[in-house]
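**Q** What follows is model12.cif, mmCIF, C-alpha atoms.
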```cif
data_target
loop_
_atom_site.label_atom_id
_atom_site.label_comp_id
_atom_site.auth_asym_id
_atom_site.auth_seq_id
_atom_site.Cartn_x
_atom_site.Cartn_y
_atom_site.Cartn_z
CA MET A 1 69.18 76.69 17.38
CA ARG A 2 66.27 74.46 16.53
CA GLN A 3 62.95 75.79 17.65
CA LEU A 4 59.24 75.07 17.79
CA ILE A 5 57.17 77.96 16.50
CA TYR A 6 53.61 77.73 17.80
CA ILE A 7 51.29 79.97 15.80
CA SER A 8 47.73 80.81 16.74
CA HIS A 9 45.56 81.12 13.65
CA ALA A 10 44.73 84.66 12.58
CA GLU A 11 41.28 86.21 12.02
CA VAL A 12 38.40 84.02 10.86
CA ASP A 13 35.04 84.46 9.16
CA ILE A 14 32.61 84.02 12.06
CA ASP A 15 29.42 82.26 11.02
CA PRO A 16 27.02 81.19 13.80
CA ALA A 17 25.40 78.74 11.36
CA VAL A 18 28.67 76.84 10.85
CA PRO A 19 30.30 74.66 13.55
CA VAL A 20 33.25 76.54 15.05
CA PRO A 21 35.86 73.93 13.97
CA ASP A 22 34.75 74.50 10.36
CA TRP A 23 35.27 78.27 10.33
CA ARG A 24 37.75 79.47 7.72
CA LEU A 25 40.35 82.18 7.82
CA SER A 26 39.06 85.58 6.73
CA ALA A 27 40.70 87.50 3.91
CA ARG A 28 42.68 89.46 6.49
CA GLY A 29 43.67 86.27 8.29
CA ARG A 30 44.87 84.66 5.07
CA SER A 31 46.87 87.76 4.17
CA ARG A 32 48.58 87.79 7.57
CA HIS A 33 49.50 84.11 7.30
CA ALA A 34 50.88 84.62 3.80
CA ARG A 35 53.14 87.47 4.90
CA PHE A 36 54.22 85.53 7.98
CA ALA A 37 55.20 82.46 5.97
CA GLU A 38 57.77 84.55 4.11
CA ARG A 39 59.50 85.26 7.44
CA CYS A 40 60.09 81.59 8.30
CA PRO A 41 62.93 80.31 6.09
CA GLY A 42 64.28 77.99 8.80
CA VAL A 43 61.09 75.93 9.06
CA THR A 44 61.39 72.40 7.65
CA SER A 45 58.21 70.82 9.07
CA ILE A 46 54.63 72.09 9.37
CA TYR A 47 51.95 70.63 11.61
CA CYS A 48 48.44 71.82 12.42
CA SER A 49 45.21 70.86 14.10
CA ASN A 50 42.36 69.43 12.08
CA GLU A 51 40.22 72.56 12.43
CA ARG A 52 39.65 74.33 9.11
CA LYS A 53 41.18 77.68 10.16
CA ALA A 54 44.39 76.02 11.35
CA ARG A 55 44.61 73.95 8.17
CA ASP A 56 44.09 77.10 6.11
CA GLY A 57 47.07 78.75 7.81
CA ALA A 58 49.22 75.64 7.49
CA GLU A 59 48.43 75.24 3.80
CA ILE A 60 49.41 78.86 3.13
CA MET A 61 52.76 78.33 4.84
CA ALA A 62 53.29 75.01 3.08
CA ALA A 63 52.73 76.60 -0.33
CA THR A 64 55.28 79.32 0.41
CA LEU A 65 57.95 77.00 1.82
CA GLU A 66 57.20 74.09 -0.54
CA LEU A 67 56.56 71.68 2.31
CA ASP A 68 53.82 69.24 3.19
CA VAL A 69 51.39 69.61 6.10
CA GLN A 70 50.88 67.00 8.78
CA VAL A 71 47.52 67.18 10.55
CA ILE A 72 47.46 66.17 14.23
CA ASP A 73 43.94 65.75 15.61
CA ALA A 74 45.05 66.21 19.23
CA LEU A 75 46.11 69.81 18.55
CA HIS A 76 42.52 71.06 18.38
CA GLU A 77 41.24 73.96 20.46
CA ASN A 78 39.63 73.26 23.81
CA ASP A 79 36.42 71.36 23.10
CA ARG A 80 33.54 73.83 23.37
CA SER A 81 30.97 71.77 21.47
CA ALA A 82 28.70 71.57 24.54
CA THR A 83 27.74 75.20 24.03
CA GLY A 84 28.60 75.73 20.36
CA TYR A 85 28.80 79.29 19.09
CA LEU A 86 28.41 81.97 21.76
CA PRO A 87 28.06 85.72 21.20
CA PRO A 88 31.25 87.62 22.13
CA GLU A 89 30.22 88.72 25.63
CA ALA A 90 28.94 85.26 26.58
CA PHE A 91 32.06 83.66 25.14
CA GLU A 92 34.35 85.93 27.18
CA ARG A 93 32.51 85.02 30.38
CA MET A 94 32.88 81.33 29.57
CA ALA A 95 36.56 81.73 28.72
CA ASP A 96 37.15 83.50 32.03
CA ALA A 97 35.53 80.58 33.86
CA PHE A 98 37.46 78.02 31.79
CA PHE A 99 40.80 79.49 32.92
CA ALA A 100 39.67 80.28 36.47
CA ARG A 101 38.38 76.75 37.15
CA PRO A 102 40.83 74.53 35.24
CA GLU A 103 39.78 71.30 36.95
CA ASP A 104 36.07 71.82 36.24
CA SER A 105 34.09 71.18 33.08
CA VAL A 106 32.45 74.59 32.76
CA GLU A 107 29.05 74.19 31.07
CA GLY A 108 30.34 70.98 29.48
CA TRP A 109 33.54 72.45 28.01
CA GLU A 110 36.66 70.31 28.05
CA ARG A 111 38.54 70.86 31.30
CA ALA A 112 41.56 73.14 30.99
CA VAL A 113 43.82 70.60 32.71
CA ASP A 114 42.81 67.95 30.18
CA ALA A 115 43.28 70.25 27.19
CA GLN A 116 46.71 71.28 28.51
CA ALA A 117 47.84 67.67 28.92
CA ARG A 118 46.50 66.71 25.49
CA VAL A 119 48.23 69.49 23.58
CA THR A 120 51.51 69.22 25.49
CA ARG A 121 51.64 65.47 24.92
CA ALA A 122 50.89 65.86 21.20
CA LEU A 123 53.59 68.50 20.73
CA ARG A 124 56.25 66.50 22.54
CA ARG A 125 55.38 63.43 20.50
CA LEU A 126 55.60 65.21 17.16
CA VAL A 127 58.91 66.88 18.06
CA ALA A 128 60.34 63.51 19.13
CA GLN A 129 59.27 61.93 15.84
CA ASP A 130 60.23 64.78 13.50
CA ASP A 131 63.50 63.93 11.76
CA ARG A 132 63.96 66.84 9.36
CA GLY A 133 66.35 68.68 11.62
CA GLY A 134 65.12 72.23 11.13
CA SER A 135 62.62 74.29 13.03
CA ILE A 136 59.03 73.12 13.39
CA ALA A 137 55.94 75.27 12.80
CA VAL A 138 52.65 74.33 14.43
CA ILE A 139 49.50 76.23 13.49
CA GLY A 140 47.02 75.90 16.31
CA HIS A 141 44.79 77.89 18.60
CA GLY A 142 45.03 80.62 21.19
CA GLY A 143 43.21 78.89 24.04
CA VAL A 144 45.35 75.77 24.15
CA GLY A 145 48.36 77.94 23.30
CA ALA A 146 47.73 79.79 26.56
CA LEU A 147 47.67 76.48 28.40
CA LEU A 148 50.93 75.51 26.72
CA ARG A 149 52.52 78.81 27.75
CA ALA A 150 51.56 78.24 31.39
CA GLN A 151 52.99 74.72 31.29
CA LEU A 152 56.28 75.83 29.74
CA LEU A 153 56.70 78.52 32.39
CA GLY A 154 55.80 76.13 35.21
CA GLN A 155 52.95 78.39 36.26
CA PRO A 156 49.30 77.73 37.14
CA ILE A 157 46.67 77.89 34.45
CA ASP A 158 45.38 81.45 34.28
CA ARG A 159 43.97 83.70 31.61
CA SER A 160 46.98 85.99 31.97
CA HIS A 161 48.70 83.49 29.63
CA ASP A 162 46.16 84.14 26.86
CA GLN A 163 47.21 85.78 23.61
CA PRO A 164 46.34 89.36 22.64
CA ALA A 165 42.97 89.77 20.96
CA GLY A 166 42.68 89.03 17.27
CA GLY A 167 44.83 85.91 16.93
CA GLY A 168 47.84 85.53 14.71
CA ASN A 169 50.41 85.42 17.51
CA VAL A 170 53.52 83.31 18.02
CA LEU A 171 55.21 81.43 20.84
CA ARG A 172 58.87 80.63 20.17
CA ILE A 173 60.19 77.59 22.03
CA ALA A 174 63.84 76.50 22.07
CA LEU A 175 64.50 72.82 21.47
CA PRO A 176 65.48 70.39 22.86
CA ASP A 177 65.06 71.96 26.31
CA TRP A 178 61.52 73.29 25.71
CA SER A 179 62.25 76.74 27.10
CA LEU A 180 59.92 79.55 26.12
CA VAL A 181 62.09 82.26 24.63
CA GLU A 182 59.44 84.54 23.13
CA GLY A 183 55.70 84.97 23.17
CA TRP A 184 53.10 85.97 22.53
CA THR A 185 54.51 87.95 19.57
CA PRO A 186 52.29 89.23 16.73
CA MET A 187 53.10 87.61 13.39
CA GLU A 188 54.15 90.96 11.99
CA GLN A 189 56.92 91.35 14.58
CA PHE A 190 58.40 87.87 14.22
CA ARG A 191 60.90 88.69 11.47
CA SER A 192 63.44 90.11 13.92
CA VAL A 193 64.33 86.66 15.30
CA TRP A 194 65.65 85.32 11.97
CA ASP A 195 68.95 86.13 10.34
CA GLU A 196 69.74 85.69 6.66
CA ARG A 197 70.35 81.96 7.16
CA GLY A 198 66.90 81.42 8.65
CA GLU A 199 68.30 80.93 12.14
CA PRO A 200 67.40 82.91 15.28
#
```
Output the file's structure as structure tokens, nothing else.
**A**
Amino acid sequence: MRQLIYISHAEVDIDPAVPVPDWRLSARGRSRHARFAERCPGVTSIYCSNERKARDGAEIMAATLELDVQVIDALHENDRSATGYLPPEAFERMADAFFARPEDSVEGWERAVDAQARVTRALRRLVAQDDRGGSIAVIGHGGVGALLRAQLLGQPIDRSHDQPAGGGNVLRIALPDWSLVEGWTPMEQFRSVWDERGEP
């Protein structure tokens, strides 16, 4: 079965002086991505957003699987540039509002409905154009991943679709019918869905 594996980037080095899209994976995040890449023998294509942390994860997987990486700008996290870095408590309040009011631009953030449409459209386009035949890995972000999960389940946008804290979680989507068959699953638990041929 061909599948789309949507991976939220793992832990990052948080630096308030650096724009959020330029944050890099932390040492722990890089280690988790490296171990995860070894569990994905059926992947034949790798895509990621243009944010540094997603590219870091994609490059680690690409080195392990000897594949190239294709960067898709439209896969970026919900645009939060209006506020920039927020301390954890303030960020959580904003994230709650982002999911609770999906048709509003909360404090200038990209609307959840717009981010959902953008990411869903980008994923469907890349799957339609990918001709390698195997499974597809996409390294992206937890916020828009939550919006994707809601869309796949035909449910309203809500923070209940968000990933567990810490990042480094996986949604497994069956193709070509786009049915969500697993998620969110921590990277470390993903091995169980592959057999020795790299097929679920």
**Q** To test your reading of the syntax: which residues would the PyMOL selection byres ((chain A and resi 96-103) around 7) return for the file shown? Reply as an NGL selection string.
**A** :A and (92-95 or 104-106 or 111-113 or 157-159)
**Q** Contacts of Gly167 in chain A at 8 Å or less, counting all atoms listed in the file, minus same-chain residues fewer than 4 places along, as a list in words?
**A** Ser8, His9, Ala10, Glu11, Gly142 and Gln163 of chain A
**Q** Could you state the separation of CA of Glu51 in chain A and CA of Val127 in chain A in Å, given to one decimal place?
**A**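 Atom-to-atom, CA of Glu51 in chain A and CA of Val127 in chain A are spaced 20.3 Å apart.
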**Q** Could you check which of A:Phe190, A:Phe36, A:Trp178, A:Trp184 is closest to Gln3 in chain A, using all atoms listed in the file?
**A**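 Closest to Gln3 in chain A, using all atoms listed in the file: A:Trp178.
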**Q** Rounded to one decimal, what separation in Å do you get between CA of Val20 in chain A and CA of Gln151 in chain A?
**A**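 Interatomic distance here is 25.6 Å.
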**Q** A:Gly84, A:Gly168, A:Gly29, A:Pro176: which is nearest His141 in chain A, counting all atoms listed in the file?
**A**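 Residue with the minimum atom-to-atom distance to His141 in chain A: A:Gly168.
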**Q** Could you name the residues that touch Arg52 in chain A at 12 Å or less, counting only C-alpha atoms, but leaving out those on the same chain fewer than 3 positions away, as a PDB file with C-alpha atoms, in the frame of the given file?
**A**
```
ATOM      1  CA  HIS A   9      45.560  81.120  13.650  1.00  0.00           C
ATOM      2  CA  VAL A  12      38.400  84.020  10.860  1.00  0.00           C
ATOM      3  CA  ASP A  13      35.040  84.460   9.160  1.00  0.00           C
ATOM      4  CA  VAL A  18      28.670  76.840  10.850  1.00  0.00           C
ATOM      5  CA  PRO A  19      30.300  74.660  13.550  1.00  0.00           C
ATOM      6  CA  VAL A  20      33.250  76.540  15.050  1.00  0.00           C
ATOM      7  CA  PRO A  21      35.860  73.930  13.970  1.00  0.00           C
ATOM      8  CA  ASP A  22      34.750  74.500  10.360  1.00  0.00           C
ATOM      9  CA  TRP A  23      35.270  78.270  10.330  1.00  0.00           C
ATOM     10  CA  ARG A  24      37.750  79.470   7.720  1.00  0.00           C
ATOM     11  CA  LEU A  25      40.350  82.180   7.820  1.00  0.00           C
ATOM     12  CA  SER A  26      39.060  85.580   6.730  1.00  0.00           C
ATOM     13  CA  CYS A  48      48.440  71.820  12.420  1.00  0.00           C
ATOM     14  CA  SER A  49      45.210  70.860  14.100  1.00  0.00           C
ATOM     15  CA  ARG A  55      44.610  73.950   8.170  1.00  0.00           C
ATOM     16  CA  ASP A  56      44.090  77.100   6.110  1.00  0.00           C
ATOM     17  CA  GLY A  57      47.070  78.750   7.810  1.00  0.00           C
ATOM     18  CA  ALA A  58      49.220  75.640   7.490  1.00  0.00           C
ATOM     19  CA  GLU A  59      48.430  75.240   3.800  1.00  0.00           C
ATOM     20  CA  VAL A  71      47.520  67.180  10.550  1.00  0.00           C
ATOM     21  CA  ASP A  73      43.940  65.750  15.610  1.00  0.00           C
ATOM     22  CA  HIS A  76      42.520  71.060  18.380  1.00  0.00           C
ATOM     23  CA  GLU A  77      41.240  73.960  20.460  1.00  0.00           C
ATOM     24  CA  ILE A 139      49.500  76.230  13.490  1.00  0.00           C
ATOM     25  CA  GLY A 140      47.020  75.900  16.310  1.00  0.00           C
ATOM     26  CA  HIS A 141      44.790  77.890  18.600  1.00  0.00           C
TER      27      HIS A 141
END
```
**Q** Could you check how far CA of Val43 in chain A sits from CA of Val144 in chain A, in Å to one decimal?
**A** 21.8 Å
**Q** Taking the file as I've supplied it (selection: the PyMOL selection byres ((chain A and resi 138) around 7)), which residues are included? Please answer as a list in words.
**A**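 Answer for the PyMOL selection byres ((chain A and resi 138) around 7): Ile5, Tyr6, Ile7, Ile46, Tyr47, Cys48, Ile136, Ala137, Ile139 and Gly140 of chain A.
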**Q** Given the file shown, determine the residues that the PyMOL selection byres ((chain A and resi 120) around 12) selects; report them as a PDB file with C-alpha atoms, keeping the file's coordinate frame.
**A**
```pdb
ATOM      1  CA  TYR A   6      53.610  77.730  17.800  1.00  0.00           C
ATOM      2  CA  ALA A  74      45.050  66.210  19.230  1.00  0.00           C
ATOM      3  CA  LEU A  75      46.110  69.810  18.550  1.00  0.00           C
ATOM      4  CA  HIS A  76      42.520  71.060  18.380  1.00  0.00           C
ATOM      5  CA  VAL A 113      43.820  70.600  32.710  1.00  0.00           C
ATOM      6  CA  ASP A 114      42.810  67.950  30.180  1.00  0.00           C
ATOM      7  CA  ALA A 115      43.280  70.250  27.190  1.00  0.00           C
ATOM      8  CA  GLN A 116      46.710  71.280  28.510  1.00  0.00           C
ATOM      9  CA  ALA A 117      47.840  67.670  28.920  1.00  0.00           C
ATOM     10  CA  ARG A 118      46.500  66.710  25.490  1.00  0.00           C
ATOM     11  CA  VAL A 119      48.230  69.490  23.580  1.00  0.00           C
ATOM     12  CA  ARG A 121      51.640  65.470  24.920  1.00  0.00           C
ATOM     13  CA  ALA A 122      50.890  65.860  21.200  1.00  0.00           C
ATOM     14  CA  LEU A 123      53.590  68.500  20.730  1.00  0.00           C
ATOM     15  CA  ARG A 124      56.250  66.500  22.540  1.00  0.00           C
ATOM     16  CA  ARG A 125      55.380  63.430  20.500  1.00  0.00           C
ATOM     17  CA  LEU A 126      55.600  65.210  17.160  1.00  0.00           C
ATOM     18  CA  VAL A 127      58.910  66.880  18.060  1.00  0.00           C
ATOM     19  CA  VAL A 144      45.350  75.770  24.150  1.00  0.00           C
ATOM     20  CA  GLY A 145      48.360  77.940  23.300  1.00  0.00           C
ATOM     21  CA  ALA A 146      47.730  79.790  26.560  1.00  0.00           C
ATOM     22  CA  LEU A 147      47.670  76.480  28.400  1.00  0.00           C
ATOM     23  CA  LEU A 148      50.930  75.510  26.720  1.00  0.00           C
ATOM     24  CA  ARG A 149      52.520  78.810  27.750  1.00  0.00           C
ATOM     25  CA  ALA A 150      51.560  78.240  31.390  1.00  0.00           C
ATOM     26  CA  GLN A 151      52.990  74.720  31.290  1.00  0.00           C
ATOM     27  CA  LEU A 152      56.280  75.830  29.740  1.00  0.00           C
ATOM     28  CA  TRP A 178      61.520  73.290  25.710  1.00  0.00           C
TER      29      TRP A 178
END
```
**Q** Taking all atoms listed in the file into account, which of A:Glu110, A:Asp79, A:Asp15, A:Glu38 comes nearest Met187 in chain A?
**A**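 Nearest candidate to Met187 in chain A out of A:Glu110, A:Asp79, A:Asp15, A:Glu38: A:Glu38.
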**Q** Rank nothing, just name the residue among A:Pro88, A:Pro186, A:Gly42, A:Gly108 nearest to Pro16 in chain A, using all atoms listed in the file.
**A** A:Pro88
**Q** Which one is closest to Arg172 in chain A: A:Leu4, A:Ala34, A:Ile72, A:Leu67? Count all atoms listed in the file.
**A**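 Closest residue, counting all atoms listed in the file: A:Leu4.
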**Q** Can you work out which one of A:Leu86, A:Ala54, A:Ala165, A:Val181 has the shortest atom-to-atom distance to Arg2 in chain A, counting all atoms listed in the file?
**A**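 Closest residue, counting all atoms listed in the file: A:Val181.
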**Q** Distance cut-off 9 Å, centre (54.1, 80.3, 0.0) in file coordinates, counting only C-alpha atoms: which residues qualify? Return them as a ChimeraX atom specification.
**A** /A:34-35,37-38,59-66
**Q** What's the 7 Å shell around Thr44 in chain A, counting all atoms listed in the file, without same-chain residues fewer than 4 positions away, as JSON, numbers by chain?
**A** {"A": [132, 134, 135, 136]}
